[in-house]
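**Student:** Contents of coords29.cif (mmCIF, C-alpha atoms and all ligand atoms) are given next:
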```cif
data_run
loop_
_atom_site.group_PDB
_atom_site.id
_atom_site.type_symbol
_atom_site.label_atom_id
_atom_site.label_comp_id
_atom_site.auth_asym_id
_atom_site.auth_seq_id
_atom_site.Cartn_x
_atom_site.Cartn_y
_atom_site.Cartn_z
ATOM 1 C CA MET S 225 1.182 163.491 176.178
ATOM 2 C CA ILE S 226 3.054 163.712 172.892
ATOM 3 C CA GLU S 227 1.943 166.293 170.326
ATOM 4 C CA ALA S 228 2.752 165.069 166.835
ATOM 5 C CA THR S 229 1.969 165.584 163.161
ATOM 6 C CA LEU S 230 1.406 163.699 159.936
ATOM 7 C CA CYS S 231 1.607 165.280 156.485
ATOM 8 C CA PHE S 232 0.200 163.763 153.288
ATOM 9 C CA PRO S 233 1.553 165.373 150.071
ATOM 10 C CA LEU S 234 -0.790 164.715 147.134
ATOM 11 C CA ARG S 235 -0.288 164.886 143.370
ATOM 12 C CA THR S 236 -2.136 163.872 140.230
ATOM 13 C CA ILE S 237 -0.124 162.219 137.498
ATOM 14 C CA SER S 238 -1.271 161.867 133.922
ATOM 15 C CA ARG S 239 -1.838 158.256 132.944
ATOM 16 C CA GLY S 240 -2.690 158.946 129.312
ATOM 17 C CA ASP S 241 -4.845 156.209 127.825
ATOM 18 C CA ASP S 242 -3.505 153.420 130.010
ATOM 19 C CA PRO S 243 -6.340 150.812 129.943
ATOM 20 C CA THR S 244 -4.964 149.139 133.098
ATOM 21 C CA ALA S 245 -5.256 152.326 135.158
ATOM 22 C CA ASP S 246 -7.703 151.929 138.016
ATOM 23 C CA GLY S 247 -10.316 154.307 139.313
ATOM 24 C CA ASP S 248 -8.214 156.801 141.261
ATOM 25 C CA ASP S 249 -7.662 159.175 138.294
ATOM 26 C CA GLY S 250 -3.885 159.211 138.730
ATOM 27 C CA ARG S 251 -4.156 160.598 142.257
ATOM 28 C CA GLU S 252 -1.184 159.665 144.404
ATOM 29 C CA VAL S 253 -0.057 160.229 147.976
ATOM 30 C CA LEU S 254 3.500 160.355 149.228
ATOM 31 C CA LEU S 255 3.913 157.738 151.940
ATOM 32 C CA ILE S 256 7.015 156.746 153.840
ATOM 33 C CA GLU S 257 8.175 153.374 154.997
ATOM 34 C CA LYS S 258 9.306 154.274 158.466
ATOM 35 C CA ARG S 259 12.799 153.063 159.285
ATOM 36 C CA ARG S 260 12.952 153.843 163.006
ATOM 37 C CA GLY S 261 10.911 155.021 165.983
ATOM 38 C CA LEU S 262 7.240 154.391 166.645
ATOM 39 C CA GLY S 263 5.639 152.409 163.818
ATOM 40 C CA GLU S 264 8.993 151.237 162.436
ATOM 41 C CA GLY S 265 8.572 149.060 159.344
ATOM 42 C CA TRP S 266 5.069 150.378 158.647
ATOM 43 C CA TYR S 267 3.876 152.890 156.058
ATOM 44 C CA ASN S 268 2.612 156.301 157.133
ATOM 45 C CA GLY S 269 2.827 159.947 156.098
ATOM 46 C CA PRO S 270 5.961 161.924 156.954
ATOM 47 C CA GLY S 271 5.686 163.487 160.405
ATOM 48 C CA GLY S 272 6.839 163.325 163.978
ATOM 49 C CA LYS S 273 6.855 164.957 167.353
ATOM 50 C CA CYS S 274 6.434 168.715 167.789
ATOM 51 C CA GLU S 275 9.367 170.550 169.335
ATOM 52 C CA PRO S 276 8.865 173.136 172.107
ATOM 53 C CA GLY S 277 7.608 176.463 170.725
ATOM 54 C CA GLU S 278 6.788 175.009 167.330
ATOM 55 C CA THR S 279 3.297 175.136 165.815
ATOM 56 C CA PRO S 280 1.916 171.847 164.444
ATOM 57 C CA GLN S 281 2.149 173.298 160.941
ATOM 58 C CA GLU S 282 5.821 174.211 161.439
ATOM 59 C CA CYS S 283 6.450 170.731 162.800
ATOM 60 C CA ALA S 284 4.846 169.063 159.759
ATOM 61 C CA VAL S 285 6.947 171.214 157.395
ATOM 62 C CA ARG S 286 10.173 170.472 159.315
ATOM 63 C CA GLU S 287 9.533 166.739 159.647
ATOM 64 C CA THR S 288 8.660 166.372 155.958
ATOM 65 C CA ARG S 289 11.865 168.169 155.004
ATOM 66 C CA GLU S 290 13.984 166.110 157.444
ATOM 67 C CA GLU S 291 12.469 162.751 156.555
ATOM 68 C CA VAL S 292 12.081 162.960 152.773
ATOM 69 C CA GLY S 293 13.694 166.249 151.662
ATOM 70 C CA LEU S 294 10.436 167.736 150.363
ATOM 71 C CA ASP S 295 9.547 171.390 151.103
ATOM 72 C CA VAL S 296 5.791 171.492 151.668
ATOM 73 C CA ARG S 297 3.685 174.696 151.717
ATOM 74 C CA ASP S 298 0.032 175.729 152.077
ATOM 75 C CA LEU S 299 -0.782 172.874 154.437
ATOM 76 C CA GLU S 300 -4.469 172.187 154.879
ATOM 77 C CA LYS S 301 -5.553 170.850 158.251
ATOM 78 C CA ALA S 302 -7.363 167.580 157.655
ATOM 79 C CA GLY S 303 -7.586 165.933 161.059
ATOM 80 C CA GLU S 304 -7.065 165.807 164.775
ATOM 81 C CA LEU S 305 -6.528 162.327 166.162
ATOM 82 C CA ARG S 306 -6.216 161.291 169.784
ATOM 83 C CA PHE S 307 -4.462 158.008 170.444
ATOM 84 C CA LEU S 308 -5.197 156.700 173.950
ATOM 85 C CA LEU S 309 -3.139 154.000 175.635
ATOM 86 C CA ASP S 310 -4.798 152.308 178.630
ATOM 87 C CA GLY S 311 -7.184 155.241 179.084
ATOM 88 C CA GLU S 312 -4.588 158.051 178.947
ATOM 89 C CA VAL S 313 -3.967 160.308 175.961
ATOM 90 C CA HIS S 314 -0.668 159.033 174.574
ATOM 91 C CA THR S 315 -0.400 161.138 171.383
ATOM 92 C CA PHE S 316 -2.397 164.041 169.974
ATOM 93 C CA CYS S 317 -1.765 164.069 166.234
ATOM 94 C CA HIS S 318 -2.480 166.912 163.779
ATOM 95 C CA VAL S 319 -3.017 165.674 160.225
ATOM 96 C CA PHE S 320 -2.301 167.840 157.189
ATOM 97 C CA ARG S 321 -2.459 167.439 153.442
ATOM 98 C CA THR S 322 -1.044 169.580 150.661
ATOM 99 C CA ARG S 323 -0.652 169.754 146.900
ATOM 100 C CA SER S 324 2.102 172.411 147.134
ATOM 101 C CA PHE S 325 5.681 171.294 147.473
ATOM 102 C CA THR S 326 9.097 171.600 145.895
ATOM 103 C CA GLY S 327 11.929 169.106 145.708
ATOM 104 C CA GLU S 328 12.122 165.390 145.029
ATOM 105 C CA PRO S 329 11.350 162.803 147.698
ATOM 106 C CA THR S 330 14.672 161.401 148.886
ATOM 107 C CA PRO S 331 15.289 158.576 151.369
ATOM 108 C CA SER S 332 16.768 159.389 154.767
ATOM 109 C CA GLU S 333 17.842 157.341 157.770
ATOM 110 C CA GLU S 334 14.292 157.750 159.097
ATOM 111 C CA ALA S 335 12.191 157.093 156.024
ATOM 112 C CA ARG S 336 11.928 155.638 152.533
ATOM 113 C CA PRO S 337 9.438 157.725 150.502
ATOM 114 C CA GLU S 338 7.132 156.266 147.866
ATOM 115 C CA TRP S 339 4.365 157.774 145.695
ATOM 116 C CA VAL S 340 1.369 155.447 145.977
ATOM 117 C CA PRO S 341 -1.915 155.577 143.977
ATOM 118 C CA ILE S 342 -4.614 156.387 146.505
ATOM 119 C CA GLY S 343 -6.410 153.150 145.591
ATOM 120 C CA ASP S 344 -3.309 151.109 146.465
ATOM 121 C CA VAL S 345 -2.497 152.466 149.933
ATOM 122 C CA PRO S 346 -1.083 149.436 151.836
ATOM 123 C CA TYR S 347 -3.437 149.524 154.830
ATOM 124 C CA ASP S 348 -2.310 146.023 155.852
ATOM 125 C CA GLN S 349 1.192 147.457 156.447
ATOM 126 C CA MET S 350 0.070 150.509 158.427
ATOM 127 C CA TRP S 351 -1.283 151.378 161.860
ATOM 128 C CA GLU S 352 -4.614 149.552 162.260
ATOM 129 C CA ASP S 353 -6.482 152.846 162.741
ATOM 130 C CA ASP S 354 -5.312 154.302 159.404
ATOM 131 C CA ARG S 355 -7.868 152.395 157.317
ATOM 132 C CA LEU S 356 -10.605 154.137 159.319
ATOM 133 C CA TRP S 357 -9.583 157.751 158.747
ATOM 134 C CA LEU S 358 -6.979 157.997 155.962
ATOM 135 C CA PRO S 359 -9.286 157.146 153.010
ATOM 136 C CA GLY S 360 -11.532 160.100 153.923
ATOM 137 C CA VAL S 361 -8.554 162.409 154.417
ATOM 138 C CA LEU S 362 -7.252 161.447 150.957
ATOM 139 C CA GLU S 363 -10.697 162.259 149.518
ATOM 140 C CA GLY S 364 -10.578 165.779 150.971
ATOM 141 C CA LYS S 365 -12.643 165.345 154.129
ATOM 142 C CA THR S 366 -11.865 166.574 157.641
ATOM 143 C CA VAL S 367 -11.975 164.281 160.640
ATOM 144 C CA ARG S 368 -11.704 164.246 164.407
ATOM 145 C CA GLY S 369 -11.041 160.851 165.939
ATOM 146 C CA GLU S 370 -10.231 159.017 169.114
ATOM 147 C CA PHE S 371 -8.545 155.625 168.993
ATOM 148 C CA ARG S 372 -8.128 153.448 172.059
ATOM 149 C CA PHE S 373 -5.260 151.027 172.531
ATOM 150 C CA GLU S 374 -4.619 148.679 175.451
ATOM 151 C CA GLY S 375 -1.705 146.627 176.698
ATOM 152 C CA GLY S 376 1.002 149.063 177.753
ATOM 153 C CA GLU S 377 3.947 150.659 175.965
ATOM 154 C CA PRO S 378 5.013 150.817 173.259
ATOM 155 C CA LEU S 379 1.886 152.050 171.478
ATOM 156 C CA ASP S 380 2.750 150.190 168.278
ATOM 157 C CA GLU S 381 2.655 146.858 170.126
ATOM 158 C CA ALA S 382 -0.556 147.574 172.039
ATOM 159 C CA ALA S 383 -3.926 146.177 170.920
ATOM 160 C CA PHE S 384 -6.273 148.512 169.024
ATOM 161 C CA VAL S 385 -9.579 148.213 170.868
ATOM 162 C CA ASP S 386 -12.133 150.744 169.623
ATOM 163 C CA HIS S 387 -12.666 154.238 168.273
ATOM 164 C CA ASP S 388 -14.969 157.214 167.687
ATOM 165 C CA LEU S 389 -14.921 159.299 164.511
ATOM 166 C CA GLU S 390 -16.539 162.577 163.496
ATOM 167 C CA TRP S 391 -16.366 163.779 159.870
ATOM 168 C CA ASP S 392 -16.676 167.219 158.241
ATOM 169 C CA VAL S 393 -15.429 169.065 161.305
ATOM 170 C CA SER S 394 -13.902 172.546 161.213
ATOM 171 C CA PHE S 395 -10.620 173.472 162.850
HETATM 172 N N1 LIG W 401 -1.959 155.237 165.925
HETATM 173 C C1 LIG W 401 -1.253 155.931 165.050
HETATM 174 N N2 LIG W 401 -1.608 155.999 163.749
HETATM 175 C C2 LIG W 401 -0.891 156.705 162.839
HETATM 176 O O1 LIG W 401 -1.257 156.726 161.666
HETATM 177 N N3 LIG W 401 0.221 157.401 163.173
HETATM 178 C C3 LIG W 401 0.591 157.365 164.441
HETATM 179 C C4 LIG W 401 -0.106 156.659 165.428
HETATM 180 N N4 LIG W 401 0.550 156.869 166.622
HETATM 181 C C5 LIG W 401 1.600 157.656 166.361
HETATM 182 N N5 LIG W 401 1.630 157.974 165.039
HETATM 183 C C6 LIG W 401 2.604 158.812 164.344
HETATM 184 C C7 LIG W 401 2.426 160.281 164.654
HETATM 185 C C8 LIG W 401 3.835 160.804 164.434
HETATM 186 O O2 LIG W 401 4.032 161.167 163.063
HETATM 187 C C9 LIG W 401 4.730 159.626 164.733
HETATM 188 C C10 LIG W 401 5.436 159.766 166.036
HETATM 189 O O3 LIG W 401 6.411 158.782 166.040
HETATM 190 P P1 LIG W 401 7.791 159.046 166.720
HETATM 191 O O4 LIG W 401 7.549 159.397 168.127
HETATM 192 O O5 LIG W 401 8.672 157.856 166.465
HETATM 193 O O6 LIG W 401 8.245 160.276 165.910
HETATM 194 P P2 LIG W 401 9.530 160.412 165.069
HETATM 195 O O7 LIG W 401 10.061 159.062 164.645
HETATM 196 O O8 LIG W 401 9.313 161.362 163.970
HETATM 197 O O9 LIG W 401 10.463 160.999 166.151
HETATM 198 P P3 LIG W 401 11.120 162.402 166.153
HETATM 199 O O10 LIG W 401 11.850 162.510 164.840
HETATM 200 O O11 LIG W 401 11.978 162.268 167.366
HETATM 201 O O12 LIG W 401 10.017 163.423 166.285
HETATM 202 O O13 LIG W 401 3.913 158.461 164.771
#
```
If you convert what's in this file into structure tokens, what do you get?
**Tutor:**
Amino acid sequence: MIEATLCFPLRTISRGDDPTADGDDGREVLLIEKRRGLGEGWYNGPGGKCEPGETPQECAVRETREEVGLDVRDLEKAGELRFLLDGEVHTFCHVFRTRSFTGEPTPSEEARPEWVPIGDVPYDQMWEDDRLWLPGVLEGKTVRGEFRFEGGEPLDEAAFVDHDLEWDVSF
């Protein structure tokens, strides 16, 4: 089983009196377009696999720095997601969000970062499960979820079959 993390940096930008602004109040999330590894070509939060001896929080901080050059702090745990492949736990993923960070998002070999209004998150270019749990996470909720895939490795080519979700959990 792989233990992994995802981190969603959030900010609110001022849109002034822009009449074309939509209903997300200038709230944005930093997504990456993943350039290699699992989920290559899709959007996600920065993140990756935990290294031995590392806490999930430390992993999320390290991966965000490595992938997009942003130093995140004060991470808030927002979710625990279990991704099952053919009945076995493939990845256990800790999800964090934060409004505290320093630095400017910078592309790396692994990722191209992009600030996205939370109403414009490109769910059709993401893992199929994301549309089920990410909107709530971006609204400040906590979630525990299990997502079942079938069809063998790699996970990102397997079929998403079904899921269970529990909201407002404590960690
Ligand atoms: N079903 C799914 N939905 C989702 O949103 N993210 C998923 C997912 N399954 C895996 N992930 C994420 C969790 C984690 O951030 C990442 C793990 O992918 P990888 O194993 O390719 O990690 P990395 O590319 O960061 O590799 P390392 O740099 O070697 O850790 O994929």
**Student:** Place a sphere of radius 9 Å on (-4.6, 147.8, 176.7) in the file coordinates and name every protein, DNA or RNA residue with an atom inside or on its surface, counting all atoms listed in the file; give the answer as an MDAnalysis selection string.
**Tutor:** chainID S and resid 309:311 372:376 382:385
**Student:** Let me see if you get this right: every residue at most 9 Å from ligand LIG 401 (chain W), counting only C-alpha atoms and all ligand atoms, written as number ranges by chain.
**Tutor:** S: 226-231, 258-264, 267-275, 283-284, 287, 290-291, 305-308, 314-319, 334, 350-354, 357-358, 371-373, 379-380, 384
**Student:** Output, as JSON, the centre and edge lengths in Å (one decimal) of the axis-aligned box that contains all listed atoms of segment 335-341 of chain S with 4 Å of margin on each side.
**Tutor:**
```
{"center_x": 5.1, "center_y": 156.6, "center_z": 150.0, "size_x": 22.1, "size_y": 10.3, "size_z": 20.0}
```
**Student:** Using all atoms listed in the file, which of S:Gly265, S:Gly364, S:Gly303, S:Pro341 sits nearest Ile237 of chain S?
**Tutor:** S:Pro341
**Student:** Hey, can you check how far atom CA of Leu234 of chain S sits from atom CA of Phe320 of chain S?
**Tutor:**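 Computing it gives 10.6 Å between the two atoms.
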**Student:** State, in Å with one decimal place, the distance from atom CA of Ala335 of chain S to atom CA of Ser238 of chain S.
**Tutor:**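 Here the two named atoms are 26.3 Å from each other.
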**Student:** Between S:Asp295, S:Glu278, S:Leu362, S:Glu370, which is the closest to Arg251 of chain S once you count only C-alpha atoms?
**Tutor:**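 Distance minimum relative to Arg251 of chain S lands on S:Leu362.
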**Student:** List, as a PyMOL selection string, every residue that the PyMOL selection byres (((chain S and resi 330) around 8) and not hetatm) selects in the file provided.
**Tutor:** chain S and resi 292-294+328-329+331-332+336-337
**Student:** On this file, the PyMOL selection byres (((chain S and resi 344) around 12) and not hetatm) gives some set of residues; write that set as a ChimeraX atom specification.
**Tutor:** /S:245-248,250-255,338-343,345-349,355,359,362
**Student:** Point out the residue among S:Glu312, S:Asp386, S:Glu304, S:Glu381 with the least atom-to-atom distance to Val361 of chain S, counting only C-alpha atoms.
**Tutor:**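 Answer, going by the shortest atom-to-atom distance: S:Glu304.
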**Student:** Calculate how many Å separate atom CA of Arg235 of chain S from atom CA of Arg321 of chain S, rounding to one decimal.
**Tutor:** 10.6 Å
**Student:** With only C-alpha atoms as the atoms that count, which of S:Glu333, S:Glu300, S:Glu377, S:Glu390 lies nearest to Glu257 of chain S?
**Tutor:** S:Glu333
**Student:** Out of S:Asp392, S:Trp266, S:Arg368, S:Pro233, which residue has the shortest atom-to-atom distance to Val285 of chain S when counting all atoms listed in the file?
**Tutor:**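 Distance minimum relative to Val285 of chain S lands on S:Pro233.
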**Student:** Using all atoms listed in the file, find the one residue out of S:Val313, S:Trp391, S:Arg286, S:Leu299 that sits nearest to Phe232 of chain S.
**Tutor:**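 That would be S:Leu299, the residue with the smallest distance to Phe232 of chain S.
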**Student:** Residues within 7 Å of Ser324 of chain S, please, as a list of chain:residue names. Count only C-alpha atoms; anything in the same chain fewer than 4 positions from it doesn't count.
**Tutor:**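 Once the nearby chain positions are removed, what remains is S:Val296, S:Arg297, S:Asp298.
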